[in-house]
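Right, one structure below, let's go through it.
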Amino acid sequence: MRLVFAGTPEVAVPALNAVAESDHELVGVVTRPDAPFGRGRKLTPSPVALRAEELGVPVLKPVHPREPEFQEALRALRPDCCPVVAYGALLPQSALDIPPHGWVNLHFSVLPHWRGAAPVQHAIWNNDEVTGATTFRIVKELDAGPTFGVMTERIRPDDTSGDLLERLAEGGAGLLVATLDGIADGSLYERAQQAEGVSFAPKIQVDDARVDWTRPAIAIDCQVRACTPAPGAWTTYAGERVKLGPVTLTEQVLAPGVLEVGKAHVLVGTGTHAVRLGDVQAHGKKQMAAADWARGLRLEAGAGFDAS
């Protein structure tokens, strides 16, 4: 089939590579417009755009896919199907209708569980044991289209959302190509999603990532790992924000938010057992081991993080 791939962030690049290496013909790529990046806020192409340029594939960067100019350009490429991974813009019906086999999305959950922008983060935050990836045909309703294929992946006790998403991106790339192969040869048929078990995974905002130390240790562990690397779990000490890396569960008991500082460790109390802090990053500082951070502050007995 003639394919136009749509995607934007780094997590979409493994699928783009797999499509480019497949037996199908990659005739174009759709991605979000260049965006400010880094301290200089220089306009920078998306990771998918950069990879497409390396592959020598035409790149379309519409501000919104409803633009008539974009849709004309897409029609000119004559795609049979448009595979999608984390494109980042809503597709109007007029664009969905262009390829005969539709737009086939690789979504990082086992649908209908965790529809939405942050399925991996929500799976870890909710302490799910298993997640996966699903290919489905995009329809107007959010992540509700009929499915083609699915893979599952066990969530490891120390997985951050970055770790898990990296594995799903690699495994999902093969699932996406297998789905396209099945559509092309007529061996694969779509199936309507189940009406039961629907759950939603909206984008996690910075305010959502603030840790409430009165919650159980396991809940805090899940929250911090879900928010790593983005948006980053955080708390405050003396009114200053402190970003938190993954923590370790312990059997010790401290009052919620209270810090216990040792030579090589920092414990903090929760609603159940204390957790051992890993790396932390104070405002305006570099990331460092929690013990080094505490040593620099010369914390006194009874010190603790601010109440949320």
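Going through the structure tokens in order, the chains are called A, B, and so on, while each chain numbers its residues from 1 and the ligands are numbered from 1 in the order shown.
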
Spatial neighbours of Leu3 in chain A, max dist 12 Å, only C-alpha atoms, sep filter under 6 positions, as a PyMOL selection string = chain A and resi 16+19-20+22-30+57-58+74-75+77-84+98-104+177+180-181+184

Exercise: range 290-297 of chain A partners within 7 Å, only C-alpha atoms, chain neighbours under 3 positions left out, as a PDB file with C-alpha atoms, in the first residue's frame:
```
ATOM      1  CA  LYS A 263      24.728   9.541  55.527  1.00  0.00           C
ATOM      2  CA  ALA A 264      23.639   7.982  52.237  1.00  0.00           C
ATOM      3  CA  HIS A 265      19.846   8.160  52.275  1.00  0.00           C
ATOM      4  CA  VAL A 266      16.812  10.355  52.854  1.00  0.00           C
ATOM      5  CA  LEU A 277      14.079   9.269  47.952  1.00  0.00           C
ATOM      6  CA  GLY A 278      16.151   8.711  44.830  1.00  0.00           C
ATOM      7  CA  ASP A 279      17.364  11.687  42.805  1.00  0.00           C
ATOM      8  CA  VAL A 280      15.859  15.094  43.444  1.00  0.00           C
TER       9      VAL A 280
END
```

Contacts of Val59 in chain A at 12 Å or less, counting only C-alpha atoms, minus same-chain residues fewer than 6 places along, as a VMD selection string?
-> chain A and resid 4 to 8 26 to 34 45 to 46 48 to 53 70 73 to 74 77

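Residues within 7 Å of range 109-117 of chain A, counting only C-alpha atoms and excluding same-chain residues fewer than 3 positions away, are Val120, Thr131, Gly132, Ala133, Thr134, Leu142, Asp143, Val150, Gln193, Gln194, Gly197, Val198, Ser199, Phe200, Ala201, Pro202 and Lys203 of chain A.
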
Serialized selection, N, CA and C atoms, as a compact mmCIF listing (two decimals), in the first residue's frame:
```
# COMPACT_ATOMS: atom_id res chain seq x y z
N VAL A 120 -0.18 5.38 29.16
CA VAL A 120 0.91 4.72 29.87
C VAL A 120 1.04 5.28 31.28
N THR A 131 -0.43 -3.85 30.62
CA THR A 131 -0.95 -2.90 29.64
C THR A 131 -0.60 -3.44 28.25
N GLY A 132 -0.49 -2.57 27.27
CA GLY A 132 -0.16 -3.06 25.94
C GLY A 132 -0.34 -1.98 24.90
N ALA A 133 -0.63 -2.41 23.68
CA ALA A 133 -0.85 -1.49 22.57
C ALA A 133 -1.92 -2.07 21.67
N THR A 134 -2.68 -1.19 21.02
CA THR A 134 -3.77 -1.59 20.16
C THR A 134 -3.71 -0.80 18.86
N LEU A 142 -13.30 9.82 20.55
CA LEU A 142 -11.93 9.64 21.04
C LEU A 142 -11.57 8.16 21.23
N ASP A 143 -10.61 7.68 20.45
CA ASP A 143 -10.02 6.34 20.59
C ASP A 143 -11.08 5.24 20.66
N VAL A 150 -3.72 -6.36 18.82
CA VAL A 150 -3.35 -5.97 20.17
C VAL A 150 -2.10 -6.73 20.61
N GLN A 193 -15.07 -2.12 19.36
CA GLN A 193 -14.61 -2.18 20.74
C GLN A 193 -15.75 -2.58 21.67
N GLN A 194 -15.40 -3.21 22.78
CA GLN A 194 -16.38 -3.57 23.79
C GLN A 194 -16.95 -2.31 24.43
N GLY A 197 -15.87 -1.63 30.23
CA GLY A 197 -14.47 -1.47 30.55
C GLY A 197 -13.81 -0.23 29.99
N VAL A 198 -14.59 0.73 29.52
CA VAL A 198 -14.02 1.97 28.98
C VAL A 198 -13.48 2.82 30.13
N SER A 199 -12.26 3.29 29.99
CA SER A 199 -11.70 4.24 30.96
C SER A 199 -10.88 5.26 30.18
N PHE A 200 -10.66 6.41 30.80
CA PHE A 200 -10.04 7.52 30.09
C PHE A 200 -8.75 7.96 30.77
N ALA A 201 -7.81 8.43 29.95
CA ALA A 201 -6.48 8.82 30.42
C ALA A 201 -6.14 10.21 29.91
N PRO A 202 -6.70 11.25 30.52
CA PRO A 202 -6.37 12.62 30.08
C PRO A 202 -4.92 12.97 30.38
N LYS A 203 -4.42 13.96 29.71
CA LYS A 203 -3.05 14.42 29.93
C LYS A 203 -2.86 14.80 31.39
```

Neighbour list for range 206-219 of chain A as a PyMOL selection string, cut-off 10 Å, only C-alpha atoms, skip fewer than 3 positions in-chain | chain A and resi 124-127+203+222-224+226-228+230-236+241-244+247-250+255-258+268-275+305-308

When you draw a straight line from CA of Val130 in chain A to CA of Gly145 in chain A, how long is it in Å?
-> 21.8 Å

With distances taken over only C-alpha atoms, which of A:Glu141, A:Glu170, A:Glu300, A:Asp185 is nearest to Glu153 in chain A?
-> A:Glu170

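You will find CA of Ala35 in chain A at 12.9 Å from CA of Gly88 in chain A.
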
Rank nothing, just name the residue among A:Ile138, A:Ala18, A:Ala303, A:Ala76 nearest to Pro92 in chain A, using only C-alpha atoms.
-> A:Ile138

Running DSSP on the backbone, which parts of range 45-172 of chain A land in strand (DSSP E), as an MDAnalysis selection string?
-> chainID A and resid 59:60 82:85 103:107 130:137 147:154
